[in-house]
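Structure data (mmCIF, C-alpha atoms and all ligand atoms) from query.cif:
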```
data_coords
#
loop_
_atom_site.label_atom_id
_atom_site.label_comp_id
_atom_site.auth_asym_id
_atom_site.auth_seq_id
_atom_site.Cartn_x
_atom_site.Cartn_y
_atom_site.Cartn_z
CA MET A 1 0.00 0.00 0.00
CA THR A 2 1.12 3.54 -0.72
CA SER A 3 -0.78 5.26 2.08
CA THR A 4 1.38 5.89 5.11
CA THR A 5 -1.56 5.33 7.44
CA THR A 6 -1.99 1.79 6.16
CA THR A 7 -0.20 -1.01 7.97
CA PRO A 8 -0.37 -4.78 7.53
CA GLY A 9 -3.47 -6.21 9.20
CA SER A 10 -3.50 -9.07 11.65
CA ALA A 11 -4.20 -12.65 10.59
CA THR A 12 -7.75 -12.43 11.88
CA THR A 13 -8.82 -9.35 9.94
CA ALA A 14 -8.63 -8.69 6.21
CA VAL A 15 -9.51 -5.02 6.59
CA ALA A 16 -9.52 -3.07 9.85
CA LEU A 17 -10.68 0.51 10.23
CA SER A 18 -10.24 2.09 13.61
CA ASP A 19 -11.82 5.44 14.47
CA VAL A 20 -11.41 6.73 10.91
CA THR A 21 -12.26 10.37 10.28
CA LYS A 22 -12.26 12.23 6.97
CA VAL A 23 -12.69 15.96 6.45
CA TYR A 24 -12.83 17.56 3.00
CA GLY A 25 -11.75 21.17 2.66
CA ARG A 26 -10.74 23.63 5.37
CA GLY A 27 -12.14 26.27 7.69
CA ALA A 28 -15.71 27.40 7.08
CA ASN A 29 -15.95 25.16 4.00
CA ALA A 30 -14.83 22.00 5.77
CA VAL A 31 -17.11 18.98 5.31
CA LEU A 32 -16.94 16.18 7.87
CA ALA A 33 -17.53 13.15 5.63
CA LEU A 34 -16.66 10.33 8.06
CA ASP A 35 -16.71 10.56 11.82
CA GLY A 36 -15.03 7.86 13.89
CA VAL A 37 -15.77 4.83 11.74
CA SER A 38 -14.49 1.51 13.12
CA LEU A 39 -15.07 -1.64 11.10
CA ASP A 40 -13.39 -5.04 10.67
CA VAL A 41 -13.81 -7.33 7.68
CA ALA A 42 -12.83 -10.93 8.51
CA PRO A 43 -10.88 -13.04 6.01
CA GLY A 44 -13.41 -14.51 3.57
CA GLU A 45 -16.20 -12.26 4.77
CA PHE A 46 -18.55 -10.39 2.42
CA VAL A 47 -19.48 -7.04 3.95
CA CYS A 48 -21.92 -4.62 2.32
CA LEU A 49 -21.90 -0.97 3.27
CA VAL A 50 -25.18 0.83 2.62
CA GLY A 51 -26.39 4.37 3.18
CA ALA A 52 -28.05 7.32 1.50
CA SER A 53 -26.33 9.17 -1.32
CA GLY A 54 -23.56 11.44 -0.02
CA CYS A 55 -23.16 9.65 3.33
CA GLY A 56 -19.49 8.82 2.74
CA LYS A 57 -19.52 5.30 1.27
CA SER A 58 -17.14 6.09 -1.59
CA THR A 59 -14.99 8.15 0.75
CA LEU A 60 -14.59 5.14 3.03
CA LEU A 61 -13.74 2.80 0.15
CA ASN A 62 -11.23 5.26 -1.33
CA LEU A 63 -9.49 5.50 2.04
CA VAL A 64 -9.23 1.71 2.31
CA ALA A 65 -7.93 1.62 -1.28
CA GLY A 66 -5.23 4.11 -0.35
CA LEU A 67 -6.48 6.61 -2.96
CA ASP A 68 -6.89 9.22 -0.22
CA ARG A 69 -5.77 9.64 3.38
CA PRO A 70 -7.88 9.87 6.52
CA ASN A 71 -7.53 12.87 8.83
CA GLY A 72 -7.63 10.60 11.84
CA GLY A 73 -7.65 6.93 12.78
CA GLN A 74 -5.99 3.86 11.28
CA ILE A 75 -6.62 1.57 8.34
CA ALA A 76 -4.96 -1.84 8.16
CA LEU A 77 -5.04 -4.41 5.38
CA ALA A 78 -4.03 -8.07 5.55
CA GLY A 79 -0.89 -8.84 3.61
CA ASP A 80 1.05 -6.14 1.83
CA ALA A 81 -0.70 -6.20 -1.56
CA SER A 82 -3.01 -3.39 -2.66
CA PRO A 83 -6.65 -4.42 -2.72
CA GLY A 84 -8.52 -4.99 -5.98
CA LEU A 85 -10.86 -2.17 -6.91
CA MET A 86 -14.04 -2.04 -8.97
CA PHE A 87 -16.26 0.95 -9.68
CA GLN A 88 -19.60 1.60 -11.38
CA GLU A 89 -17.75 2.41 -14.61
CA PRO A 90 -15.61 -0.48 -15.88
CA ALA A 91 -12.83 1.95 -16.94
CA LEU A 92 -11.43 -0.40 -19.59
CA PHE A 93 -8.80 0.71 -22.09
CA PRO A 94 -10.86 1.17 -25.30
CA TRP A 95 -7.89 0.62 -27.63
CA LEU A 96 -7.09 -2.79 -26.11
CA THR A 97 -8.94 -6.05 -26.71
CA VAL A 98 -10.58 -7.88 -23.81
CA ASP A 99 -7.47 -10.08 -23.60
CA GLY A 100 -5.27 -6.98 -23.56
CA ASN A 101 -7.27 -5.36 -20.77
CA VAL A 102 -7.12 -8.40 -18.51
CA GLU A 103 -3.43 -8.77 -19.28
CA VAL A 104 -2.50 -5.28 -18.00
CA PRO A 105 -2.11 -6.18 -14.31
CA LEU A 106 -0.25 -9.38 -15.25
CA LYS A 107 2.22 -7.33 -17.32
CA LEU A 108 2.63 -4.90 -14.44
CA ARG A 109 3.36 -7.86 -12.19
CA GLY A 110 6.06 -8.96 -14.63
CA LEU A 111 4.61 -12.37 -15.50
CA PRO A 112 6.18 -13.98 -18.59
CA ARG A 113 4.16 -13.98 -21.80
CA ALA A 114 3.17 -17.67 -21.84
CA GLU A 115 1.97 -17.51 -18.25
CA ARG A 116 0.06 -14.28 -18.95
CA ARG A 117 -1.79 -15.94 -21.83
CA ALA A 118 -2.76 -18.94 -19.74
CA ARG A 119 -3.93 -16.70 -16.88
CA VAL A 120 -5.97 -14.42 -19.18
CA ALA A 121 -7.70 -17.48 -20.65
CA GLU A 122 -8.44 -18.86 -17.20
CA LEU A 123 -9.76 -15.50 -15.93
CA LEU A 124 -12.02 -15.06 -18.95
CA ARG A 125 -13.41 -18.56 -18.37
CA THR A 126 -14.05 -17.59 -14.75
CA VAL A 127 -16.23 -14.64 -15.81
CA HIS A 128 -17.79 -16.63 -18.70
CA LEU A 129 -16.23 -14.59 -21.48
CA ALA A 130 -13.94 -17.27 -22.90
CA ASP A 131 -14.97 -16.51 -26.50
CA PHE A 132 -14.59 -12.73 -26.28
CA GLY A 133 -10.86 -12.26 -25.80
CA ARG A 134 -10.34 -10.66 -29.20
CA THR A 135 -13.25 -8.22 -29.05
CA ARG A 136 -12.97 -4.60 -27.94
CA PRO A 137 -14.89 -3.03 -25.06
CA HIS A 138 -17.25 -0.98 -27.30
CA GLU A 139 -18.53 -4.21 -28.87
CA LEU A 140 -19.69 -5.55 -25.49
CA SER A 141 -22.80 -4.93 -23.38
CA GLY A 142 -22.53 -3.11 -20.05
CA GLY A 143 -22.73 -6.37 -18.12
CA MET A 144 -19.99 -7.95 -20.24
CA ARG A 145 -17.76 -4.92 -19.71
CA GLN A 146 -18.17 -5.27 -15.95
CA ARG A 147 -17.21 -8.94 -16.28
CA VAL A 148 -14.02 -7.86 -18.03
CA ALA A 149 -13.37 -5.33 -15.25
CA LEU A 150 -13.90 -8.11 -12.71
CA ALA A 151 -11.47 -10.42 -14.54
CA ARG A 152 -8.90 -7.63 -14.66
CA THR A 153 -9.32 -7.03 -10.92
CA LEU A 154 -8.98 -10.76 -10.19
CA ALA A 155 -5.73 -10.75 -12.20
CA LEU A 156 -4.17 -8.84 -9.32
CA ASP A 157 -4.54 -11.99 -7.17
CA THR A 158 -5.29 -9.91 -4.10
CA PRO A 159 -7.28 -11.41 -1.23
CA VAL A 160 -9.29 -8.21 -0.70
CA LEU A 161 -11.82 -6.83 -3.17
CA LEU A 162 -13.25 -3.32 -2.80
CA MET A 163 -16.33 -2.62 -4.91
CA ASP A 164 -18.11 0.72 -5.23
CA GLU A 165 -21.60 0.21 -6.69
CA PRO A 166 -20.09 -2.03 -9.38
CA PHE A 167 -23.47 -3.09 -10.78
CA GLY A 168 -25.28 0.22 -10.24
CA ALA A 169 -25.53 1.02 -13.95
CA LEU A 170 -26.82 -2.41 -15.04
CA ASP A 171 -30.39 -3.56 -15.63
CA ALA A 172 -31.93 -5.76 -12.95
CA MET A 173 -31.60 -9.02 -14.89
CA THR A 174 -27.93 -8.52 -15.75
CA ARG A 175 -27.24 -7.47 -12.17
CA ASP A 176 -28.93 -10.62 -10.90
CA ILE A 177 -26.64 -12.80 -13.05
CA LEU A 178 -23.56 -10.91 -11.93
CA HIS A 179 -24.58 -11.37 -8.29
CA ASP A 180 -24.51 -15.13 -8.87
CA GLU A 181 -21.11 -14.88 -10.57
CA LEU A 182 -19.61 -12.71 -7.87
CA GLU A 183 -20.94 -14.99 -5.12
CA ARG A 184 -19.38 -18.02 -6.84
CA ILE A 185 -16.01 -16.33 -7.41
CA TRP A 186 -15.92 -14.92 -3.88
CA SER A 187 -16.57 -18.34 -2.39
CA GLU A 188 -14.17 -20.23 -4.71
CA ARG A 189 -11.33 -17.78 -4.13
CA LYS A 190 -12.10 -17.14 -0.46
CA LEU A 191 -11.98 -13.39 -1.04
CA SER A 192 -12.74 -10.73 1.52
CA VAL A 193 -15.13 -8.23 -0.01
CA LEU A 194 -16.13 -4.73 1.03
CA PHE A 195 -19.02 -3.84 -1.26
CA VAL A 196 -20.67 -0.42 -1.35
CA THR A 197 -24.24 0.04 -2.57
CA HIS A 198 -27.26 2.22 -1.95
CA ASN A 199 -29.41 -0.76 -2.98
CA VAL A 200 -30.53 -2.45 0.22
CA ARG A 201 -31.84 -5.55 -1.55
CA GLU A 202 -28.54 -6.03 -3.30
CA ALA A 203 -26.80 -5.80 0.08
CA ALA A 204 -29.12 -8.37 1.67
CA ARG A 205 -28.66 -10.66 -1.35
CA LEU A 206 -24.85 -10.58 -1.21
CA ALA A 207 -23.63 -9.89 2.29
CA ASP A 208 -22.63 -11.91 5.31
CA ARG A 209 -23.03 -8.64 7.15
CA VAL A 210 -24.79 -5.40 6.19
CA ILE A 211 -23.53 -2.16 7.70
CA LEU A 212 -25.53 1.06 7.59
CA LEU A 213 -23.87 4.47 7.48
CA SER A 214 -25.69 7.57 8.71
CA SER A 215 -25.93 10.70 6.58
CA ARG A 216 -23.26 13.35 7.01
CA PRO A 217 -21.16 12.85 8.91
CA GLY A 218 -20.94 9.16 8.07
CA ARG A 219 -21.10 7.01 11.19
CA ILE A 220 -21.99 3.35 11.56
CA ILE A 221 -25.50 3.30 13.01
CA TYR A 222 -26.59 -0.27 12.41
CA SER A 223 -25.13 -3.63 11.52
CA THR A 224 -26.84 -6.94 10.90
CA THR A 225 -25.60 -10.45 10.13
CA VAL A 226 -27.30 -12.15 7.19
CA ASP A 227 -27.64 -15.87 7.92
CA ILE A 228 -29.58 -16.82 4.78
CA PRO A 229 -28.07 -19.95 3.15
CA ARG A 230 -26.32 -19.54 -0.22
CA PRO A 231 -26.83 -19.45 -3.10
CA ARG A 232 -29.51 -16.83 -2.54
CA ARG A 233 -32.18 -15.24 -4.68
CA ILE A 234 -32.72 -11.48 -4.57
CA ASP A 235 -36.49 -12.02 -4.80
CA SER A 236 -36.66 -14.53 -1.93
CA PRO A 237 -38.78 -13.67 1.13
CA GLU A 238 -35.71 -14.06 3.38
CA VAL A 239 -33.75 -11.44 1.43
CA ALA A 240 -36.81 -9.18 1.33
CA ALA A 241 -37.16 -9.41 5.12
CA ILE A 242 -33.57 -8.35 5.76
CA ALA A 243 -33.90 -5.57 3.17
CA ALA A 244 -37.08 -4.32 4.86
CA GLU A 245 -35.35 -4.24 8.24
CA VAL A 246 -32.40 -2.22 6.88
CA THR A 247 -34.71 0.08 4.88
CA GLU A 248 -36.68 0.83 8.04
CA ARG A 249 -33.47 1.91 9.84
CA LEU A 250 -32.43 3.95 6.81
CA ARG A 251 -35.83 5.66 6.69
CA THR A 252 -35.59 6.59 10.36
CA GLU A 253 -32.11 7.96 9.74
CA VAL A 254 -33.11 10.04 6.69
CA GLY A 255 -36.12 11.33 8.62
CA ARG A 256 -33.94 12.33 11.55
CA HIS A 257 -31.59 14.12 9.17
CA ALA A 258 -34.43 16.05 7.51
CA GLU A 259 -35.62 17.55 10.80
P1 LIG A 301 -21.45 8.42 -1.17
O1 LIG A 301 -20.48 7.59 -1.92
O2 LIG A 301 -22.04 7.75 0.03
O3 LIG A 301 -22.55 8.93 -2.06
P2 LIG A 301 -19.23 10.27 -0.89
O4 LIG A 301 -18.24 9.53 -0.11
O5 LIG A 301 -19.01 10.40 -2.35
O6 LIG A 301 -20.70 9.72 -0.59
O7 LIG A 301 -19.33 11.74 -0.31
C1 LIG A 301 -19.52 12.01 1.09
C2 LIG A 301 -19.58 13.52 1.31
O8 LIG A 301 -18.30 14.10 1.07
C3 LIG A 301 -20.55 14.23 0.38
O9 LIG A 301 -21.17 15.26 1.09
C4 LIG A 301 -19.67 14.76 -0.71
O10 LIG A 301 -20.22 15.93 -1.27
C5 LIG A 301 -18.37 15.06 0.04
N1 LIG A 301 -17.19 14.89 -0.83
C6 LIG A 301 -16.82 13.74 -1.45
N2 LIG A 301 -15.67 13.91 -2.13
C7 LIG A 301 -15.30 15.19 -1.92
C8 LIG A 301 -14.18 15.99 -2.35
N3 LIG A 301 -13.21 15.48 -3.10
N4 LIG A 301 -14.15 17.29 -1.93
C9 LIG A 301 -15.12 17.78 -1.16
N5 LIG A 301 -16.19 17.09 -0.72
C10 LIG A 301 -16.29 15.82 -1.09
MG MG A 302 -20.47 6.91 -3.90
#
```

Would you mind writing the file's structure down as structure tokens?
Amino acid sequence: MTSTTTTPGSATTAVALSDVTKVYGRGANAVLALDGVSLDVAPGEFVCLVGASGCGKSTLLNLVAGLDRPNGGQIALAGDASPGLMFQEPALFPWLTVDGNVEVPLKLRGLPRAERRARVAELLRTVHLADFGRTRPHELSGGMRQRVALARTLALDTPVLLMDEPFGALDAMTRDILHDELERIWSERKLSVLFVTHNVREAARLADRVILLSSRPGRIIYSTTVDIPRPRRIDSPEVAAIAAEVTERLRTEVGRHAE
């Protein structure tokens, strides 16, 4: 990690945030975006962070990613590798083929050509795009582009995946399929995932634990363990019940903020 506030995590936590505070700007214009956030993600755990727009979800993820620094508190990551990152926009290189895009992190890691080719093929099979290696991003649907972005992120071979509304721009059916894919890959690779979304149903569908952030400043106000057996369906009554519970807390919070 490049951030000086980031230190190797312990064996029992993949990601550890302790009393993290983030302020944007200075003086009269200062915005307190996060206020004393403490949160641990266990190895292999899938944690979803939900909250209203502007509550500091992306801020928190960017701090964990080392893209920005907190004003207070500590962030620790297991191992010394940077986490994998995925955003709402796939951010692929338009001039490269799908193969070329997935190969970028492997090149950066200095893997020899033959090994890179084998790994690209394996990663594209993992995201069910085995036949699309030679196509370019503009020829693909939004869901396929996010699959390529996922394959490229997996090419980093990092145990921690940070995802900021990665399926937010996709239609419900495509999102549903990608939930299944992500759940399978997460469980096969024993990844630790910190997944940000404002979609409470998506959180209940995916997470081992759902964490709710309050509106500005962002503070953790509620956390619930999701014990529903996997694989899950987003339209199941169990998922709906958890989603309703979290939505109720969120509604109370937004109401409190509006007063
Ligand atoms: P979310 O992802 O939950 O929608 P963000 O983390 O993007 O929220 O933003 C949290 C708060 O911090 C918002 O009020 C936003 O306007 C503010 N903010 C985010 N980034 C910056 C920045 N670079 N400079 C100033 N304010 C920012
Ligand atoms: Mg955001």

>> For ligand MG 302 (chain A), return the neighbouring residues as a ChimeraX atom specification (distance at most 12 Å; only C-alpha atoms and all ligand atoms).
In response: /A:33,49-62,87-89,163-166,168,195-199

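Among the candidate residues A:Leu108, A:Leu213, A:Val148, A:Ile221, the one lying nearest to Ala130 of chain A is A:Val148, with distances computed using only C-alpha atoms.
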
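In terms of minimum interatomic distance to ligand LIG 301 (chain A), A:Asp35 ranks closest within A:Asp180, A:Asp227, A:Asp35, A:Glu248, counting all atoms listed in the file.
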
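Ranking A:Asp68, A:Leu39, A:Gly255, A:Cys48 by their shortest atom-to-atom distance to ligand LIG 301 (chain A), with all atoms listed in the file included, puts A:Asp68 first.
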
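Nearest-residue note for Thr247 of chain A: choosing from A:Ala118, A:Val226, A:Val200, A:Val210, the minimum distance belongs to A:Val200, counting all atoms listed in the file.
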
>> Ranking A:Arg189, A:Arg233, A:Arg219, A:Arg26 by minimum distance to Arg175 of chain A and counting only C-alpha atoms, which one comes first?
In response: A:Arg233

> Restricting the calculation to all atoms listed in the file, which member of A:Leu106, A:Ala16, A:Leu212, A:Val47 is positioned closest to ligand LIG 301 (chain A)?
Replying inline: A:Leu212

Let me know the centre plus edge lengths, in Å and rounded to one decimal, of a box with edges along x, y and z that contains all listed atoms of segment 224-230 of chain A and is padded by 4 Å on every side, as lines of an AutoDock Vina configuration file.
```
center_x = -27.6
center_y = -13.4
center_z = 5.3
size_x = 12.0
size_y = 21.0
size_z = 19.1
```

> What's the 12 Å shell around Val104 of chain A, counting only C-alpha atoms, without same-chain residues fewer than 4 positions away, as a ChimeraX atom specification?
Replying inline: /A:92-93,96-100,108-111,113,116-117,119-120,148-149,151-156

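Between atom CA of Lys107 of chain A and atom CA of Phe132 of chain A lies a distance of 19.8 Å.
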
>> List the spatial neighbours of Ala65 of chain A as a PyMOL selection string - criterion: any atom at most 12 Å away, all atoms listed in the file, same-chain residues fewer than 2 positions off excluded.
In response: chain A and resi 1-3+5-6+15+17+58-63+67-70+75-77+81-87+160-164+194

>> To one decimal place in Å, what is the distance between atom CA of Gln146 of chain A and atom CA of Glu245 of chain A?
In response: 29.7 Å

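For the point (-21.5, -13.3, -5.0), the residues with an atom at a distance of at most 9 Å are A:Phe46, A:Leu178, A:His179, A:Asp180, A:Glu181, A:Leu182, A:Glu183, A:Arg184, A:Ile185, A:Trp186, A:Ser187, A:Arg205, A:Leu206, A:Ala207, A:Pro231, counting all atoms listed in the file.
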
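The interatomic distance for the pair atom CA of Gly73 of chain A and atom CA of Val193 of chain A works out to 21.2 Å.
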